[in-house]
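**Student:** To start, I am sharing the structure in question, which I have written as structure tokens.
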Amino acid sequence: MEEKIAALRQSVPNAVQQTKTLIQLDEIRVKLLGKNGSITELMKGLGALSPEKKKEAGQLLNTFKNEVTALIESQKATLEEAELNAKLASQTADITLPCRPNTHSGRIHPVAQVMEEMLTIFAQMGFEMAEGPDIEDDFHNFEALNIPPSHPARQMQATFFMENTTDKVLRTQTSGVQIRTMESKKPPIKIVAPGRTYRRDYDMTHTPMFHQIEGLVIDTETNLAHLKSTLTEFMKLFFETDDVALRFRPSYFPFTEPSYEADVGCSRKNGEFVIKSGEDWCELLGCGMVHPDVLRTCGLDPNVYQGYAFGCGIDRFAMLKYGIPDLRSFFDADMRWIKHYGFLPLDIPSVISGLSFNGGAKR
Ligand code: DAH
């Protein structure tokens, strides 16, 4: 018995390590440990031995069996990894190939499309893009924007607070990016900051997560006339009509002075919503001149620097432009909805080739 084990001990490790495939390895496993395998046969032979010999040979055989099992397992892992690597190597995708223009099944979400449209226009107007974190601290979301803890504007914004912190919130507005930008660079500043925002709200025109885009321009002479002309020009390009009327109503935001809400002229005749001057008004966005206290908090001297800010809901712009009635449907992940309202992947907005593709979502 000992000789037989010794002989196997000589040959088995090499044989296992030389296997090239999982099939070969399994053949060896069966030859050794299978029903009629050589180790199994030796096990069976133990019964014929004297009790002493049986104990000795049994221990030896068991140790050997464990060694062989471990060896096979380790070779199996090696072969599996090699097999996977070979598979991955043979399946590489050539990302330099042109994509197929008939990508008919995928759709771009209207929010993504409209965000892209807005950024395209602002980029053409010389705005840079800025970003801030979704999990914002109290200072950037409220305090530095002139909203101290007791301010009623805090209640109005139905904030989500992060668990176990007193300081962190899911940002209720993109306005915090104004602060982050002024902290990190000196004027002239001309940025737009798109992103997700969060409030505890849910009805036809409110969802707990929605999208805003913030604008900020700071230098030494930017004034209300610039704000008005920039927004008017933007609306013309975005809604793709020259017949745009904007109305600025006095309003209140803690971080601007004076503050306005801007409405766009529209028509709601026969249940159809059209952007045009003359008949009716539709609320669009908030804006104003950046409050001197906000500038001061960011280390800018309000006697030297001034500028405007604006902020609006991207989802709202998508609803207005593409006639989408219920905001909640944006986040239902319903395939029928996305097929209807979504855009083809190659509908890349550009001011020159067109923004909305034949004046509406291509379906
Ligand atoms: N942050 C405001 C809101 O969420 C919108 C806003 C109003 C942004 C006026 C501005 C602004 O930058 O100047 O309701």
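Chain labels run A, B, ... following the order of the structure tokens; each chain numbers its residues from 1, and ligands are numbered from 1 in the order shown.
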Would you write out, as a Markdown table, a table of all residues in stretch 113-150 of chain A that have an atom no more than 7 Å from an atom of stretch 154-175 of chain A, listing for each the closest atom pair and the distance in Å to one decimal, considering only C-alpha atoms and ordering rows by chain and rising residue number?
**Tutor:**
| residue | atom | partner | partner_atom | distance |
| --- | --- | --- | --- | --- |
| A:Asp134 | CA | A:Arg171 | CA | 5.7 |
| A:Ile135 | CA | A:Leu170 | CA | 4.7 |
| A:Glu136 | CA | A:Arg171 | CA | 5.4 |
| A:Asp137 | CA | A:Lys168 | CA | 4.5 |
| A:Asp138 | CA | A:Asp167 | CA | 5.3 |
| A:Asn141 | CA | A:Arg171 | CA | 6.1 |
**Student:** Would you write out those residues with N, CA and C atoms, as a PDB file, in the first residue's frame?
**Tutor:**
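Heads up, here's the output in again_29.pdb:
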ATOM      1  N   ASP A 134     -24.404  66.589  -4.928  1.00  0.00           N
ATOM      2  CA  ASP A 134     -25.823  66.394  -4.597  1.00  0.00           C
ATOM      3  C   ASP A 134     -26.021  66.451  -3.083  1.00  0.00           C
ATOM      4  N   ILE A 135     -25.064  65.887  -2.335  1.00  0.00           N
ATOM      5  CA  ILE A 135     -25.119  65.981  -0.874  1.00  0.00           C
ATOM      6  C   ILE A 135     -24.340  67.235  -0.491  1.00  0.00           C
ATOM      7  N   GLU A 136     -25.096  68.230  -0.078  1.00  0.00           N
ATOM      8  CA  GLU A 136     -24.510  69.555   0.118  1.00  0.00           C
ATOM      9  C   GLU A 136     -24.479  69.886   1.613  1.00  0.00           C
ATOM     10  N   ASP A 137     -23.586  70.783   2.014  1.00  0.00           N
ATOM     11  CA  ASP A 137     -23.602  71.162   3.431  1.00  0.00           C
ATOM     12  C   ASP A 137     -24.499  72.385   3.624  1.00  0.00           C
ATOM     13  N   ASP A 138     -24.890  72.576   4.866  1.00  0.00           N
ATOM     14  CA  ASP A 138     -25.809  73.648   5.220  1.00  0.00           C
ATOM     15  C   ASP A 138     -25.294  75.014   4.751  1.00  0.00           C
ATOM     16  N   ASN A 141     -25.824  75.292   0.858  1.00  0.00           N
ATOM     17  CA  ASN A 141     -27.221  75.211   0.415  1.00  0.00           C
ATOM     18  C   ASN A 141     -28.070  76.349   1.001  1.00  0.00           C
TER      19      ASN A 141
END
**Student:** Which residues of chain A sit at most 8 Å from ligand 1, using only C-alpha atoms and all ligand atoms? Give each one's shortest atom pair and distance in Å (one decimal place), in chain and ascending residue order, as a Markdown table.
**Tutor:**
| residue | atom | partner | partner_atom_place_in_ligand_line | distance |
| --- | --- | --- | --- | --- |
| A:Gln157 | CA | ligand 1 | 4 (O) | 8.0 |
| A:Thr172 | CA | ligand 1 | 4 (O) | 6.7 |
| A:Gln173 | CA | ligand 1 | 4 (O) | 4.6 |
| A:Thr174 | CA | ligand 1 | 1 (N) | 6.3 |
| A:Ser175 | CA | ligand 1 | 1 (N) | 5.2 |
| A:Gln178 | CA | ligand 1 | 12 (O) | 7.8 |
| A:Gln212 | CA | ligand 1 | 4 (O) | 7.7 |
| A:Glu214 | CA | ligand 1 | 12 (O) | 5.7 |
| A:Gly215 | CA | ligand 1 | 12 (O) | 6.2 |
| A:Leu216 | CA | ligand 1 | 12 (O) | 7.0 |
| A:Phe253 | CA | ligand 1 | 9 (C) | 5.8 |
| A:Phe255 | CA | ligand 1 | 13 (O) | 6.8 |
| A:Thr256 | CA | ligand 1 | 13 (O) | 5.6 |
| A:Ser259 | CA | ligand 1 | 9 (C) | 6.7 |
| A:Tyr260 | CA | ligand 1 | 9 (C) | 7.2 |
| A:Glu261 | CA | ligand 1 | 9 (C) | 7.6 |
| A:Leu285 | CA | ligand 1 | 5 (C) | 6.8 |
| A:Gly286 | CA | ligand 1 | 7 (C) | 3.7 |
| A:Cys287 | CA | ligand 1 | 13 (O) | 3.4 |
| A:Gly288 | CA | ligand 1 | 13 (O) | 4.6 |
| A:Met289 | CA | ligand 1 | 13 (O) | 6.8 |
| A:Val290 | CA | ligand 1 | 13 (O) | 6.9 |
| A:Tyr308 | CA | ligand 1 | 13 (O) | 6.9 |
| A:Ala309 | CA | ligand 1 | 13 (O) | 4.2 |
| A:Phe310 | CA | ligand 1 | 12 (O) | 3.5 |
| A:Gly311 | CA | ligand 1 | 8 (C) | 3.5 |
| A:Cys312 | CA | ligand 1 | 5 (C) | 6.0 |
**Student:** Those same residues - C-alpha atoms - I'd like them written as an mmCIF file, in the first residue's frame.
**Tutor:**
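Result file part_4.cif:
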data_model
loop_
_atom_site.group_PDB
_atom_site.id
_atom_site.type_symbol
_atom_site.label_atom_id
_atom_site.label_comp_id
_atom_site.auth_asym_id
_atom_site.auth_seq_id
_atom_site.Cartn_x
_atom_site.Cartn_y
_atom_site.Cartn_z
ATOM 1 C CA GLN A 157 -37.895 74.140 0.682
ATOM 2 C CA THR A 172 -32.747 71.734 -2.452
ATOM 3 C CA GLN A 173 -31.441 74.027 -5.192
ATOM 4 C CA THR A 174 -28.454 74.364 -7.497
ATOM 5 C CA SER A 175 -27.842 77.858 -6.089
ATOM 6 C CA GLN A 178 -22.917 79.889 -7.127
ATOM 7 C CA GLN A 212 -32.395 72.631 -12.065
ATOM 8 C CA GLU A 214 -28.335 77.712 -12.272
ATOM 9 C CA GLY A 215 -26.705 80.676 -13.969
ATOM 10 C CA LEU A 216 -24.219 83.144 -12.495
ATOM 11 C CA PHE A 253 -35.183 85.436 -3.015
ATOM 12 C CA PHE A 255 -29.727 85.705 -2.247
ATOM 13 C CA THR A 256 -30.694 88.311 -4.863
ATOM 14 C CA SER A 259 -35.277 89.665 -7.268
ATOM 15 C CA TYR A 260 -37.641 88.736 -10.083
ATOM 16 C CA GLU A 261 -39.692 85.927 -11.406
ATOM 17 C CA LEU A 285 -37.753 80.991 -13.516
ATOM 18 C CA GLY A 286 -36.330 83.032 -10.642
ATOM 19 C CA CYS A 287 -33.540 85.548 -11.043
ATOM 20 C CA GLY A 288 -32.026 88.781 -9.798
ATOM 21 C CA MET A 289 -28.864 90.689 -9.001
ATOM 22 C CA VAL A 290 -26.576 88.787 -6.608
ATOM 23 C CA TYR A 308 -26.817 88.429 -11.861
ATOM 24 C CA ALA A 309 -28.043 84.924 -11.111
ATOM 25 C CA PHE A 310 -30.939 82.842 -12.319
ATOM 26 C CA GLY A 311 -32.288 79.386 -11.619
ATOM 27 C CA CYS A 312 -34.919 77.252 -13.291
#
**Student:** Looking at A:Asp280, A:Gln306, A:Pro188, A:Ala130, which one is nearest to A:Asn223, with distances taken over only C-alpha atoms?
**Tutor:** A:Gln306
**Student:** Fewer than 5 positions away in the same chain doesn't count, so skip those; otherwise give me all residues within 6 Å of stretch 324-334 of chain A, counting only C-alpha atoms, as a list in words.
**Tutor:**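 Answer for this query is Met204, Thr205 and Met319 of chain A.
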**Student:** Taking the DSSP assignment computed from this structure's backbone, write out as a PyMOL selection string all residues of stretch 24-217 of chain A that belong to strand (DSSP E).
**Tutor:** chain A and resi 128-129+135-137+160-161+168-170+189-198+209-217
**Student:** Go through A:Gln24, A:Ser350, A:Ser11, A:Gln17 one by one, measure the shortest atom-to-atom distance of each to A:Gln124 using only C-alpha atoms, and give the residue with the smallest value.
**Tutor:**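 Closest to A:Gln124 of all the choices is A:Ser350.
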**Student:** Of the candidates A:Val294, A:Lys4, A:Thr230, A:Ile191, which shows the shortest atom-to-atom distance to A:Phe142, using only C-alpha atoms?
**Tutor:**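 Comparing A:Val294, A:Lys4, A:Thr230, A:Ile191 against A:Phe142, the winner is A:Val294.
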**Student:** Residues of stretch 63-116 of chain A in alpha helix (DSSP H) according to DSSP, as a ChimeraX atom specification?
**Tutor:** /A:63-90,110-116
**Student:** Just checking: using only C-alpha atoms, which residue out of A:Ser251, A:Thr207, A:Thr120, A:Thr69 ends up closest to A:Gly313?
**Tutor:**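 The answer is A:Thr207, which sits nearest to A:Gly313.
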**Student:** Pick from A:Ile314, A:Cys298, A:Met129, A:Leu246: nearest to A:Thr197, with only C-alpha atoms counted?
**Tutor:** A:Ile314
**Student:** Could you check the closest approach to A:Leu22 for each of A:Leu71, A:Leu79, A:Met43, A:Leu97 and tell me which residue wins, using only C-alpha atoms?
**Tutor:**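 Of the candidates, the smallest distance to A:Leu22 is held by A:Leu79.
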**Student:** Work out how far atom CA of A:Glu128 is from atom CA of A:Gly176, in Å to one decimal.
**Tutor:** 16.2 Å
